[in-house]
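Shown here: query_30.cif, mmCIF, C-alpha atoms and all ligand atoms.
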```cif
data_input
loop_
_atom_site.label_atom_id
_atom_site.label_comp_id
_atom_site.auth_asym_id
_atom_site.auth_seq_id
_atom_site.Cartn_x
_atom_site.Cartn_y
_atom_site.Cartn_z
CA MET C 206 6.39 -29.22 -10.64
CA SER C 207 7.71 -27.09 -7.86
CA PHE C 208 11.24 -25.92 -7.28
CA VAL C 209 10.49 -24.67 -3.77
CA ARG C 210 12.63 -26.41 -1.20
CA GLY C 211 11.06 -24.74 1.81
CA LEU C 212 11.31 -21.62 3.90
CA GLN C 213 14.37 -20.22 5.60
CA CYS C 214 14.97 -17.52 8.19
CA ARG C 215 16.73 -14.54 6.64
CA GLU C 216 18.61 -13.88 9.86
CA CYS C 217 19.67 -17.20 11.43
CA GLY C 218 19.20 -19.50 8.44
CA GLN C 219 16.92 -21.97 10.21
CA GLY C 220 14.87 -24.00 7.72
CA TYR C 221 11.08 -24.48 7.78
CA PRO C 222 8.65 -26.56 5.71
CA LYS C 223 6.34 -25.03 3.05
CA GLU C 224 3.63 -23.84 5.39
CA PRO C 225 1.78 -20.60 6.13
CA LEU C 226 4.60 -19.33 8.36
CA HIS C 227 6.32 -15.97 8.26
CA VAL C 228 8.56 -15.49 11.31
CA CYS C 229 11.38 -17.58 12.70
CA GLU C 230 10.52 -19.27 15.99
CA THR C 231 14.09 -18.91 17.22
CA CYS C 232 15.05 -15.34 16.34
CA PHE C 233 11.82 -13.72 15.01
CA GLY C 234 13.51 -13.01 11.68
CA PRO C 235 11.39 -13.00 8.51
CA LEU C 236 11.13 -16.23 6.49
CA GLU C 237 11.98 -16.41 2.82
CA ILE C 238 11.35 -18.98 0.07
CA VAL C 239 14.30 -21.20 -0.87
CA TYR C 240 14.44 -22.57 -4.43
CA ASP C 241 16.37 -25.26 -6.23
CA TYR C 242 18.05 -22.92 -8.72
CA ASP C 243 19.97 -25.71 -10.46
CA GLY C 244 16.68 -27.42 -11.18
CA ILE C 245 15.14 -24.18 -12.40
CA LYS C 246 18.11 -23.49 -14.66
CA LYS C 247 17.54 -26.84 -16.38
CA ALA C 248 13.76 -26.34 -16.64
CA ILE C 249 13.50 -22.72 -17.79
CA SER C 250 14.52 -20.97 -21.01
CA ARG C 251 13.75 -17.73 -22.83
CA GLU C 252 11.88 -19.72 -25.50
CA LYS C 253 9.71 -21.45 -22.91
CA ILE C 254 8.83 -18.14 -21.28
CA LEU C 255 8.05 -16.50 -24.63
CA SER C 256 5.71 -19.37 -25.55
CA ARG C 257 3.50 -18.76 -22.50
CA PRO C 258 0.58 -16.36 -22.02
CA LYS C 259 1.46 -12.75 -21.23
CA SER C 260 0.88 -12.87 -17.50
CA LEU C 261 3.14 -12.95 -14.46
CA TRP C 262 2.81 -16.75 -14.46
CA ARG C 263 5.18 -17.03 -17.40
CA TYR C 264 7.89 -17.03 -14.70
CA ARG C 265 6.17 -19.74 -12.66
CA GLU C 266 9.34 -21.77 -12.00
CA LEU C 267 10.56 -18.79 -9.97
CA LEU C 268 7.31 -18.45 -8.01
CA PRO C 269 6.38 -20.38 -4.86
CA ILE C 270 3.38 -22.45 -5.95
CA ASP C 271 3.27 -26.23 -6.21
CA GLY C 272 0.48 -26.86 -8.71
CA GLU C 273 -1.20 -24.83 -11.42
CA PRO C 274 -1.77 -21.10 -10.76
CA GLN C 275 -5.16 -20.57 -9.10
CA ALA C 276 -5.46 -16.79 -9.30
CA GLY C 277 -4.26 -13.83 -11.32
CA LEU C 278 -4.19 -15.62 -14.66
CA TYR C 279 -4.34 -12.21 -16.39
CA SER C 280 -2.23 -10.21 -13.92
CA GLY C 281 1.18 -8.83 -14.74
CA PHE C 282 2.91 -8.34 -18.09
CA THR C 283 2.17 -4.62 -17.98
CA PRO C 284 3.65 -2.33 -20.64
CA LEU C 285 7.20 -1.02 -20.53
CA VAL C 286 6.67 2.34 -22.20
CA ARG C 287 9.55 4.15 -23.91
CA ALA C 288 9.10 7.64 -22.44
CA HIS C 289 10.53 10.05 -25.02
CA ARG C 290 8.64 13.15 -23.93
CA LEU C 291 9.19 12.69 -20.20
CA GLY C 292 12.83 11.86 -20.96
CA GLU C 293 13.15 15.14 -22.80
CA ALA C 294 11.54 17.02 -19.92
CA LEU C 295 13.95 15.44 -17.44
CA GLY C 296 16.94 15.82 -19.75
CA VAL C 297 17.79 12.10 -20.03
CA LYS C 298 18.50 9.91 -23.04
CA GLU C 299 16.85 6.57 -22.36
CA LEU C 300 13.82 6.53 -20.08
CA TYR C 301 11.10 3.91 -19.63
CA ILE C 302 7.94 3.67 -17.56
CA LYS C 303 7.08 0.21 -16.20
CA ASP C 304 3.36 0.84 -16.06
CA ASP C 305 1.70 -1.16 -13.30
CA SER C 306 -1.06 1.46 -13.20
CA VAL C 307 -2.78 -0.79 -15.75
CA ASN C 308 -2.23 -4.10 -13.99
CA HIS C 309 -5.19 -6.50 -14.16
CA PRO C 310 -7.62 -6.45 -12.41
CA THR C 311 -7.16 -3.60 -9.87
CA PHE C 312 -4.63 -1.23 -11.42
CA SER C 313 -1.64 -1.41 -9.11
CA TYR C 314 1.50 -3.44 -8.53
CA LYS C 315 -0.39 -5.25 -5.74
CA ASP C 316 -2.10 -7.50 -8.32
CA ARG C 317 1.26 -9.27 -8.61
CA VAL C 318 1.77 -10.13 -4.97
CA VAL C 319 -1.89 -10.98 -4.48
CA SER C 320 -2.00 -13.37 -7.47
CA VAL C 321 0.71 -15.43 -5.84
CA ALA C 322 -0.67 -15.16 -2.29
CA ILE C 323 -4.21 -16.17 -3.27
CA SER C 324 -2.94 -19.06 -5.38
CA LYS C 325 -0.98 -20.21 -2.35
CA ALA C 326 -3.93 -19.68 0.00
CA ILE C 327 -6.01 -22.00 -2.21
CA GLU C 328 -3.21 -24.60 -2.24
CA PHE C 329 -3.08 -24.45 1.55
CA GLY C 330 -6.85 -24.92 1.71
CA PHE C 331 -7.85 -21.60 3.32
CA ASP C 332 -11.43 -20.48 2.77
CA THR C 333 -10.98 -16.91 4.04
CA VAL C 334 -8.43 -14.37 2.85
CA SER C 335 -7.57 -11.03 4.39
CA CYS C 336 -5.02 -8.22 4.52
CA ALA C 337 -3.82 -5.08 6.27
CA SER C 338 -3.80 -2.45 3.55
CA THR C 339 -3.17 1.18 2.66
CA GLY C 340 -5.82 0.77 -0.08
CA ASN C 341 -4.45 -0.90 -3.19
CA LEU C 342 -3.82 -4.21 -1.48
CA ALA C 343 -7.40 -4.30 -0.20
CA ASN C 344 -8.67 -3.64 -3.75
CA SER C 345 -6.62 -6.48 -5.14
CA VAL C 346 -7.35 -9.01 -2.39
CA ALA C 347 -11.08 -8.28 -2.63
CA ALA C 348 -11.11 -8.71 -6.42
CA HIS C 349 -9.04 -11.90 -6.46
CA ALA C 350 -11.09 -13.35 -3.59
CA ALA C 351 -14.30 -12.67 -5.51
CA LYS C 352 -12.97 -14.42 -8.62
CA ALA C 353 -11.82 -17.40 -6.54
CA GLY C 354 -15.03 -17.58 -4.50
CA LEU C 355 -13.28 -17.07 -1.15
CA ASN C 356 -14.51 -15.20 1.93
CA CYS C 357 -12.74 -11.90 2.32
CA TYR C 358 -12.07 -9.36 5.08
CA VAL C 359 -9.96 -6.29 4.33
CA PHE C 360 -8.59 -3.89 6.94
CA ILE C 361 -7.76 -0.27 6.07
CA PRO C 362 -6.97 2.93 7.98
CA ASP C 363 -9.77 5.52 8.03
CA GLY C 364 -9.52 8.57 5.78
CA LEU C 365 -8.62 6.76 2.54
CA GLU C 366 -9.71 8.14 -0.84
CA GLN C 367 -13.19 7.15 -2.10
CA GLY C 368 -11.70 5.32 -5.07
CA LYS C 369 -9.78 3.03 -2.77
CA ILE C 370 -12.75 2.38 -0.47
CA ILE C 371 -15.34 1.77 -3.18
CA GLY C 372 -12.66 -0.02 -5.20
CA SER C 373 -12.71 -2.73 -2.51
CA ALA C 374 -16.38 -2.66 -1.50
CA ILE C 375 -17.62 -3.33 -5.03
CA TYR C 376 -16.22 -6.89 -4.91
CA GLY C 377 -18.26 -7.70 -1.80
CA PRO C 378 -15.70 -8.24 0.98
CA ARG C 379 -16.24 -7.09 4.56
CA THR C 380 -14.24 -3.88 4.79
CA ILE C 381 -13.10 -2.85 8.25
CA SER C 382 -11.86 0.70 8.64
CA ILE C 383 -9.64 1.26 11.67
CA LYS C 384 -9.36 4.53 13.56
CA GLY C 385 -5.68 5.20 13.10
CA ASN C 386 -2.95 4.85 10.49
CA TYR C 387 -1.65 1.80 8.63
CA ASP C 388 0.72 0.88 11.42
CA ASP C 389 -2.24 0.58 13.81
CA VAL C 390 -4.09 -1.55 11.24
CA ASN C 391 -1.09 -3.82 10.81
CA ARG C 392 -0.64 -4.36 14.54
CA LEU C 393 -4.29 -5.37 14.93
CA CYS C 394 -4.11 -7.68 11.91
CA SER C 395 -1.21 -9.66 13.41
CA GLU C 396 -3.44 -10.42 16.40
CA ILE C 397 -6.43 -11.29 14.22
CA ALA C 398 -4.30 -13.57 12.01
CA ASP C 399 -3.19 -15.49 15.12
CA LYS C 400 -6.66 -15.81 16.55
CA TYR C 401 -8.81 -16.45 13.46
CA GLY C 402 -6.42 -18.49 11.34
CA TRP C 403 -7.25 -16.74 8.07
CA ALA C 404 -4.86 -16.33 5.15
CA PHE C 405 -3.58 -12.79 5.66
CA VAL C 406 -1.73 -12.25 2.41
CA ASN C 407 0.80 -9.84 3.92
CA VAL C 408 1.03 -11.39 7.38
CA ASN C 409 1.11 -15.21 7.56
CA LEU C 410 1.45 -15.64 3.77
CA ARG C 411 4.00 -12.84 3.47
CA PRO C 412 6.94 -14.98 2.24
CA TYR C 413 4.80 -16.25 -0.68
CA TYR C 414 3.13 -12.89 -1.32
CA ALA C 415 6.43 -11.02 -1.51
CA GLU C 416 7.78 -13.34 -4.20
CA GLY C 417 5.10 -12.07 -6.58
CA ALA C 418 6.83 -8.68 -6.64
CA LYS C 419 9.80 -10.22 -8.47
CA THR C 420 7.72 -10.51 -11.62
CA HIS C 421 7.81 -6.71 -12.02
CA ALA C 422 11.59 -7.00 -12.48
CA PHE C 423 11.50 -10.18 -14.60
CA GLU C 424 9.24 -8.37 -17.04
CA ILE C 425 11.45 -5.27 -17.20
CA ALA C 426 14.43 -7.43 -18.16
CA GLU C 427 12.45 -9.41 -20.75
CA GLN C 428 10.94 -6.24 -22.23
CA LEU C 429 14.38 -4.68 -22.58
CA GLY C 430 15.47 -7.70 -24.64
CA TRP C 431 16.83 -9.74 -21.71
CA LYS C 432 18.93 -6.93 -20.32
CA LEU C 433 18.92 -5.03 -17.07
CA PRO C 434 18.38 -1.28 -17.03
CA ARG C 435 21.15 0.69 -15.32
CA HIS C 436 18.77 2.43 -12.91
CA VAL C 437 15.34 1.69 -11.45
CA VAL C 438 13.34 4.03 -9.22
CA VAL C 439 10.48 2.59 -7.15
CA ALA C 440 8.44 3.71 -4.15
CA SER C 441 8.90 2.06 -0.75
CA ALA C 442 6.06 1.56 1.71
CA GLY C 443 6.36 -1.63 3.79
CA GLY C 444 9.48 -2.46 1.82
CA THR C 445 8.30 -5.47 -0.16
CA ILE C 446 8.88 -4.56 -3.79
CA LEU C 447 12.33 -2.97 -3.74
CA PRO C 448 14.35 -5.86 -2.28
CA LYS C 449 12.40 -8.26 -4.48
CA LEU C 450 13.47 -6.37 -7.60
CA ALA C 451 17.08 -6.87 -6.49
CA LYS C 452 16.43 -10.56 -5.81
CA ALA C 453 14.76 -10.97 -9.21
CA PHE C 454 17.67 -9.41 -11.10
CA LYS C 455 20.05 -11.79 -9.30
CA GLU C 456 17.89 -14.80 -10.03
CA LEU C 457 17.75 -13.99 -13.75
CA LYS C 458 21.54 -14.25 -13.84
CA GLN C 459 21.59 -17.31 -11.61
CA VAL C 460 19.27 -19.33 -13.86
CA GLY C 461 20.95 -18.13 -17.05
CA LEU C 462 18.16 -15.97 -18.50
CA ILE C 463 20.41 -12.91 -18.71
CA ASP C 464 24.15 -12.69 -19.11
CA GLY C 465 25.08 -10.00 -16.65
CA GLY C 466 24.71 -6.34 -15.92
CA ASN C 467 24.09 -4.38 -12.77
CA CYS C 468 21.13 -2.24 -11.90
CA LYS C 469 21.16 0.48 -9.27
CA ILE C 470 17.92 0.64 -7.32
CA TYR C 471 16.52 3.84 -5.77
CA SER C 472 13.88 4.14 -3.07
CA ALA C 473 11.25 6.87 -3.47
CA GLN C 474 9.31 8.16 -0.46
CA ALA C 475 7.15 11.14 0.46
CA SER C 476 8.80 13.68 2.80
CA GLY C 477 5.77 13.25 5.06
CA CYS C 478 6.64 9.58 5.54
CA ALA C 479 10.25 8.81 4.73
CA PRO C 480 11.67 6.53 7.44
CA ILE C 481 13.68 4.48 4.95
CA VAL C 482 15.17 7.43 3.07
CA GLN C 483 16.06 9.10 6.38
CA ALA C 484 17.96 5.99 7.50
CA LEU C 485 19.72 5.81 4.14
CA LYS C 486 20.86 9.40 4.44
CA LYS C 487 21.98 8.92 8.03
CA GLY C 488 23.95 5.86 7.01
CA THR C 489 22.32 3.73 9.68
CA ASP C 490 20.63 0.32 9.67
CA LEU C 491 18.15 1.48 12.25
CA ILE C 492 14.84 2.73 10.95
CA SER C 493 13.12 5.20 13.27
CA PRO C 494 9.35 4.90 12.84
CA VAL C 495 7.51 8.11 11.87
CA LYS C 496 3.90 9.28 11.96
CA PRO C 497 2.81 9.62 8.32
CA ASN C 498 1.59 12.97 7.03
CA THR C 499 1.36 12.98 3.23
CA ILE C 500 -1.11 12.83 0.34
CA ALA C 501 0.64 9.63 -0.79
CA SER C 502 -1.60 7.38 1.31
CA SER C 503 -0.74 4.13 -0.42
CA ILE C 504 2.90 4.43 0.65
CA ALA C 505 2.21 6.00 4.07
CA ILE C 506 3.76 3.31 6.26
CA GLY C 507 5.65 4.82 9.17
CA ASN C 508 7.09 1.57 10.48
CA PRO C 509 8.06 -0.48 7.42
CA ALA C 510 8.28 -4.23 8.15
CA ASP C 511 10.99 -4.83 5.56
CA GLY C 512 12.67 -1.43 5.69
CA TYR C 513 15.98 -2.94 6.73
CA TYR C 514 16.03 -5.09 3.59
CA VAL C 515 15.33 -2.04 1.44
CA LEU C 516 18.41 -0.35 2.92
CA GLN C 517 20.47 -3.46 2.27
CA ALA C 518 19.28 -3.85 -1.34
CA VAL C 519 19.74 -0.16 -2.17
CA ARG C 520 23.26 -0.08 -0.75
CA GLU C 521 24.32 -3.36 -2.32
CA SER C 522 23.12 -2.18 -5.75
CA GLY C 523 24.90 1.17 -5.49
CA GLY C 524 21.61 3.07 -5.59
CA TRP C 525 20.20 5.73 -3.30
CA GLY C 526 16.93 7.22 -2.15
CA GLU C 527 15.13 10.55 -1.98
CA ALA C 528 12.00 12.05 -0.52
CA VAL C 529 9.75 14.68 -2.10
CA THR C 530 7.09 17.04 -0.77
CA ASP C 531 3.37 16.72 -1.50
CA GLU C 532 3.68 19.64 -3.90
CA GLU C 533 6.46 17.91 -5.83
CA ILE C 534 4.33 14.74 -5.85
CA LEU C 535 1.42 16.62 -7.47
CA ASP C 536 3.80 18.10 -10.04
CA GLY C 537 5.12 14.60 -10.71
CA ILE C 538 1.60 13.28 -11.36
CA LYS C 539 0.90 16.13 -13.78
CA LEU C 540 4.26 15.89 -15.52
CA LEU C 541 3.76 12.17 -16.25
CA ALA C 542 0.21 12.74 -17.45
CA ARG C 543 1.15 15.64 -19.72
CA THR C 544 4.22 14.06 -21.26
CA GLU C 545 3.32 10.38 -21.46
CA GLY C 546 -0.47 10.26 -21.16
CA ILE C 547 -0.28 8.09 -18.02
CA PHE C 548 -2.37 9.03 -14.99
CA THR C 549 -0.83 7.79 -11.77
CA GLU C 550 -1.69 8.19 -8.10
CA PRO C 551 0.51 10.02 -5.55
CA ALA C 552 2.82 6.99 -5.16
CA GLY C 553 3.60 7.27 -8.87
CA GLY C 554 3.93 11.04 -8.57
CA THR C 555 6.52 10.34 -5.87
CA GLU C 556 8.40 7.97 -8.18
CA VAL C 557 8.50 10.57 -10.97
CA ALA C 558 9.44 13.47 -8.67
CA VAL C 559 12.19 11.48 -6.95
CA THR C 560 13.62 10.46 -10.33
CA LYS C 561 13.66 14.12 -11.37
CA LYS C 562 15.45 15.06 -8.14
CA LEU C 563 18.05 12.30 -8.42
CA ILE C 564 18.81 13.35 -12.01
CA GLN C 565 19.16 16.99 -10.97
CA GLN C 566 21.48 15.95 -8.14
CA GLY C 567 23.63 14.03 -10.61
CA ARG C 568 22.97 10.78 -8.71
CA ILE C 569 21.43 9.28 -11.85
CA PRO C 570 23.48 10.09 -14.98
CA ARG C 571 21.63 11.50 -17.99
CA ASP C 572 23.05 9.10 -20.57
CA GLU C 573 22.18 5.72 -19.04
CA SER C 574 18.98 3.65 -19.18
CA ILE C 575 16.46 4.49 -16.47
CA VAL C 576 13.19 2.77 -15.55
CA ILE C 577 10.59 4.50 -13.40
CA SER C 578 8.25 1.95 -11.84
CA ILE C 579 4.75 3.40 -11.82
CA THR C 580 2.98 1.35 -9.19
CA GLY C 581 -0.58 2.75 -8.97
CA ASN C 582 -3.42 4.40 -10.90
CA GLY C 583 -4.60 8.00 -10.64
CA TYR C 584 -8.27 7.28 -11.31
CA LYS C 585 -8.46 5.93 -7.73
CA THR C 586 -7.30 9.17 -6.15
CA LEU C 587 -9.15 11.86 -8.09
CA GLU C 588 -9.70 14.08 -5.05
CA VAL C 589 -5.95 14.54 -4.66
CA VAL C 590 -5.63 16.35 -7.99
CA ALA C 591 -9.17 17.70 -8.37
CA ARG C 592 -8.25 21.24 -7.37
CA SER C 593 -5.07 21.45 -9.40
CA VAL C 594 -6.51 20.81 -12.87
CA GLU C 595 -8.42 23.17 -15.17
CA GLN C 596 -12.20 23.04 -14.76
CA PRO C 597 -14.35 22.57 -17.89
CA PHE C 598 -15.50 25.71 -19.69
CA LYS C 599 -19.31 25.89 -19.63
CA ILE C 600 -20.92 27.18 -22.82
CA GLN C 601 -24.27 27.01 -24.64
CA ALA C 602 -24.73 24.34 -27.30
CA SER C 603 -24.18 26.82 -30.10
CA LEU C 604 -21.33 27.40 -32.53
CA SER C 605 -21.19 31.08 -31.67
CA SER C 606 -20.67 30.29 -27.98
CA PHE C 607 -17.74 28.12 -28.87
CA ASP C 608 -16.33 30.69 -31.31
CA GLU C 609 -16.41 33.26 -28.55
CA LEU C 610 -14.65 30.93 -26.10
CA TYR C 611 -12.06 29.89 -28.64
CA LEU C 612 -11.03 33.48 -29.16
CA GLN C 613 -10.57 33.88 -25.40
CA LEU C 614 -8.36 30.84 -24.99
CA ALA C 615 -4.87 32.22 -25.42
CA GLN C 616 -3.28 28.95 -26.55
CA PRO C 617 -4.27 25.29 -26.72
CA ALA C 618 -3.80 23.41 -23.41
CA GLN C 619 -1.55 20.74 -24.99
CA GLY C 620 1.27 23.13 -25.83
CA LYS C 621 1.51 24.57 -22.33
CA ALA C 622 2.36 21.32 -20.59
CA LEU C 623 6.07 20.95 -21.21
CA ALA C 624 6.97 24.61 -20.88
CA GLY C 625 5.10 24.87 -17.60
CA GLU C 626 6.43 21.77 -15.88
CA GLY C 627 9.89 21.19 -17.35
C1 LIG W 701 2.08 -0.93 -1.88
C2 LIG W 701 2.52 0.08 -2.85
C3 LIG W 701 3.88 0.39 -3.10
C4 LIG W 701 5.09 -0.23 -2.45
O1 LIG W 701 4.90 -0.90 -1.30
P1 LIG W 701 5.95 -1.92 -0.65
O2 LIG W 701 5.27 -2.31 0.60
O3 LIG W 701 7.23 -1.18 -0.37
O4 LIG W 701 6.14 -3.03 -1.59
C5 LIG W 701 4.17 1.32 -4.08
N1 LIG W 701 3.19 1.94 -4.76
C6 LIG W 701 1.90 1.66 -4.56
C7 LIG W 701 0.89 2.41 -5.37
C8 LIG W 701 1.51 0.74 -3.61
O5 LIG W 701 0.21 0.48 -3.44
ZN ZN W 702 15.84 -17.08 12.69
#
```

Just give me the structure of the file as structure tokens.
Amino acid sequence: MSFVRGLQCRECGQGYPKEPLHVCETCFGPLEIVYDYDGIKKAISREKILSRPKSLWRYRELLPIDGEPQAGLYSGFTPLVRAHRLGEALGVKELYIKDDSVNHPTFSYKDRVVSVAISKAIEFGFDTVSCASTGNLANSVAAHAAKAGLNCYVFIPDGLEQGKIIGSAIYGPRTISIKGNYDDVNRLCSEIADKYGWAFVNVNLRPYYAEGAKTHAFEIAEQLGWKLPRHVVVASAGGTILPKLAKAFKELKQVGLIDGGNCKIYSAQASGCAPIVQALKKGTDLISPVKPNTIASSIAIGNPADGYYVLQAVRESGGWGEAVTDEEILDGIKLLARTEGIFTEPAGGTEVAVTKKLIQQGRIPRDESIVISITGNGYKTLEVVARSVEQPFKIQASLSSFDELYLQLAQPAQGKALAGEG
């Protein structure tokens, strides 16, 4: 049961068969999956989805696999958290966190795209999977490859956080660290993909991979009671997730799962790497590549492959974009932790800080529903925040030592949070 008709060039419309292809031979445009939406509309229903396990595969009719899912059977269906305390801090009425920091098995949104890509790689008969990564993707590909028993090579830029490096190595792939930034890694990987014929999830399997990102949006709508939020803020790196959220919201209407509604989508970037937000603000379609310089390493892509489609999706939805400094990103991480008890990495700090900025600017109204997509987990990037949190008090194992300390502590740490960050 597959509703995939084939691939199609986004630029010239040329059709291609279901194969591990990603660029148009005629115009070099990116290829995209084409579905039989009429068929899907007849096959899918809210009841059917609700009857399935709580994983991203509950939306399988809208995903590009032919047979049964082969990977990521427990990925997706992350919590949509009603964020009362963060909402209060930001001065908004209805705020939610879509928490992909607890995605299974590697704690980022990348478990979605990789579940689909690895399933597809197995269908195509590949025995080796690979990727060009800023960290989270490598973690996810390595984990899913281990579970599926596939050979795995992951390529990362040097200088990543320990949590990201060890968080791949533990699964037993070959990890190759490249002298340079992600854009250097990506360029090399295109050549390797051509020469070695491996399944590079974000190169030759990119059209399939990218579809997995839609499930983030399907879940938001389902978790809101089959409604769209009015505003969603999400980080942009290579530009995969944001346009796919827009596509997913459209598809939900097209196949009759939701009645209507419009959602404005906002791109969040770090000031040290904001090529997409700069183009948005300039009102141009041309993205000028930048050299990344930010603590937000997982979104430090200076030459985003799908940046143009982010611009298109943001503009079409009526959304916008903002960039925030590393300091604002750190404050965003702490604010989320201290109001909602969710520890995110710098990409998530960027998403929180950009939301705060857009609310302050009046771009996002205070009385409409807002979802902040939290795409990664803070336990992978401890060194980024290590110096900006309180160190433990060291005392003797005696009651009197604690009594003495307690008297010194002016007020309990909990109470300080909101006043300090608000
Ligand atoms: C990869 C990633 C993103 C977004 O990347 P896109 O390439 O734009 O889809 C956002 N947050 C985190 C933590 C990521 O790892
Ligand atoms: Zn084309």

(request) Would you mind telling me which residue in C:Gly546, C:Pro274, C:Gly402, C:Gly466 lies nearest to C:Ala353 when using all atoms listed in the file? (result)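 Nearest candidate to C:Ala353 out of C:Gly546, C:Pro274, C:Gly402, C:Gly466: C:Pro274.
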
Can you tell me which residues surround stretch 479-492 of chain C at a distance of at most 10 Å, considering only C-alpha atoms, apart from same-chain residues fewer than 4 positions away, and format the answer as a compact mmCIF listing (two decimals) with C-alpha atoms, in the coordinates of the input?
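part.txt written:
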```txt
# COMPACT_ATOMS: atom_id res chain seq x y z
CA SER C 441 8.90 2.06 -0.75
CA ALA C 442 6.06 1.56 1.71
CA GLY C 443 6.36 -1.63 3.79
CA GLY C 444 9.48 -2.46 1.82
CA TYR C 471 16.52 3.84 -5.77
CA SER C 472 13.88 4.14 -3.07
CA ALA C 473 11.25 6.87 -3.47
CA GLN C 474 9.31 8.16 -0.46
CA ALA C 475 7.15 11.14 0.46
CA LYS C 496 3.90 9.28 11.96
CA PRO C 497 2.81 9.62 8.32
CA ASN C 498 1.59 12.97 7.03
CA THR C 499 1.36 12.98 3.23
CA ILE C 504 2.90 4.43 0.65
CA ALA C 505 2.21 6.00 4.07
CA ILE C 506 3.76 3.31 6.26
CA GLY C 507 5.65 4.82 9.17
CA ASN C 508 7.09 1.57 10.48
CA PRO C 509 8.06 -0.48 7.42
CA ALA C 510 8.28 -4.23 8.15
CA ASP C 511 10.99 -4.83 5.56
CA GLY C 512 12.67 -1.43 5.69
CA TYR C 513 15.98 -2.94 6.73
CA TYR C 514 16.03 -5.09 3.59
CA VAL C 515 15.33 -2.04 1.44
CA LEU C 516 18.41 -0.35 2.92
CA GLN C 517 20.47 -3.46 2.27
CA VAL C 519 19.74 -0.16 -2.17
CA ARG C 520 23.26 -0.08 -0.75
CA TRP C 525 20.20 5.73 -3.30
CA GLY C 526 16.93 7.22 -2.15
CA GLU C 527 15.13 10.55 -1.98
CA ALA C 528 12.00 12.05 -0.52
CA VAL C 529 9.75 14.68 -2.10
```

(request) Take the point (-6.5, -16.9, -13.0) in the file's coordinates, draw a sphere of radius 9 Å around it, and report as an MDAnalysis selection string every protein, DNA or RNA residue with an atom inside or on it, counting only C-alpha atoms. (result) chainID C and resid 274:280 320 324 349 352:353

Generate the output file for the selected residues, C-alpha atoms, as a JSON list (two decimals), in the coordinates of the input.
```
[["chain", "number", "residue", "atom", "x", "y", "z"],
["C", 274, "PRO", "CA", -1.77, -21.10, -10.76],
["C", 275, "GLN", "CA", -5.16, -20.57, -9.10],
["C", 276, "ALA", "CA", -5.46, -16.79, -9.30],
["C", 277, "GLY", "CA", -4.26, -13.83, -11.32],
["C", 278, "LEU", "CA", -4.19, -15.62, -14.66],
["C", 279, "TYR", "CA", -4.34, -12.21, -16.39],
["C", 280, "SER", "CA", -2.23, -10.21, -13.92],
["C", 320, "SER", "CA", -2.00, -13.37, -7.47],
["C", 324, "SER", "CA", -2.94, -19.06, -5.38],
["C", 349, "HIS", "CA", -9.04, -11.90, -6.46],
["C", 352, "LYS", "CA", -12.97, -14.42, -8.62],
["C", 353, "ALA", "CA", -11.82, -17.40, -6.54]]
```

(message) For a test of reading the model, state the distance in Å between atom CA of C:Gly281 and atom CA of C:Leu563, rounded to one decimal.
(response) 27.8 Å

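Contacts with ligand ZN 702 (chain W) are defined as any residue atom within 9 Å of a ligand atom, using all atoms listed in the file; the residues meeting this criterion are C:Gln213, C:Cys214, C:Arg215, C:Glu216, C:Cys217, C:Gly218, C:Gln219, C:Gly220, C:Val228, C:Cys229, C:Glu230, C:Thr231, C:Cys232, C:Phe233, C:Gly234, C:Pro235, C:Leu236.
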
(request) Check which residues fall inside 10 Å of ligand LIG 701 (chain W) when counting all atoms listed in the file, and print them as a PyMOL selection string. (result) chain C and resi 305-306+312-316+318+338-345+407+415+418+439-449+472-474+501-506+509-512+515+549-556+578-583

(request) Enter the distance from atom CA of C:Arg287 to atom CA of C:Glu299, in Å, rounded to one decimal. (result)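 According to the coordinates, atom CA of C:Arg287 and atom CA of C:Glu299 are separated by 7.8 Å.
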
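Among C:Gly364, C:Ile383, C:Gln459, C:Pro597, the residue with the shortest atom-to-atom distance to C:Ile500, counting all atoms listed in the file, is C:Gly364.
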
(request) Can you work out which one of C:Val557, C:Leu429, C:Val321, C:Val297 has the shortest atom-to-atom distance to C:Arg411, counting all atoms listed in the file? (result) C:Val321

(message) Could you check the closest approach to C:Ala288 for each of C:Ala542, C:Ile327, C:Val460, C:Ala591 and tell me which residue wins, using only C-alpha atoms?
(response)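 For C:Ala288, the nearest of the given residues is C:Ala542.
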
All residues 7 Å or closer to C:Ser522, only C-alpha atoms, same chain fewer than 3 positions away omitted, as a PDB file with C-alpha atoms, in the coordinates of the input:
```
ATOM      1  CA  CYS C 468      21.130  -2.240 -11.900  1.00  0.00           C
ATOM      2  CA  LYS C 469      21.160   0.480  -9.270  1.00  0.00           C
ATOM      3  CA  ILE C 470      17.920   0.640  -7.320  1.00  0.00           C
ATOM      4  CA  ALA C 518      19.280  -3.850  -1.340  1.00  0.00           C
ATOM      5  CA  VAL C 519      19.740  -0.160  -2.170  1.00  0.00           C
TER       6      VAL C 519
END
```

Skipping near chain neighbours, those fewer than 3 positions away, what residues fall within 8 Å of stretch 328-331 of chain C using all atoms listed in the file, listed as a tab-separated table (two decimals) with C-alpha atoms, in the frame of the given file?
```tsv
chain	number	residue	atom	x	y	z
C	224	GLU	CA	3.63	-23.84	5.39
C	225	PRO	CA	1.78	-20.60	6.13
C	270	ILE	CA	3.38	-22.45	-5.95
C	271	ASP	CA	3.27	-26.23	-6.21
C	272	GLY	CA	0.48	-26.86	-8.71
C	324	SER	CA	-2.94	-19.06	-5.38
C	325	LYS	CA	-0.98	-20.21	-2.35
C	334	VAL	CA	-8.43	-14.37	2.85
C	403	TRP	CA	-7.25	-16.74	8.07
C	404	ALA	CA	-4.86	-16.33	5.15
```
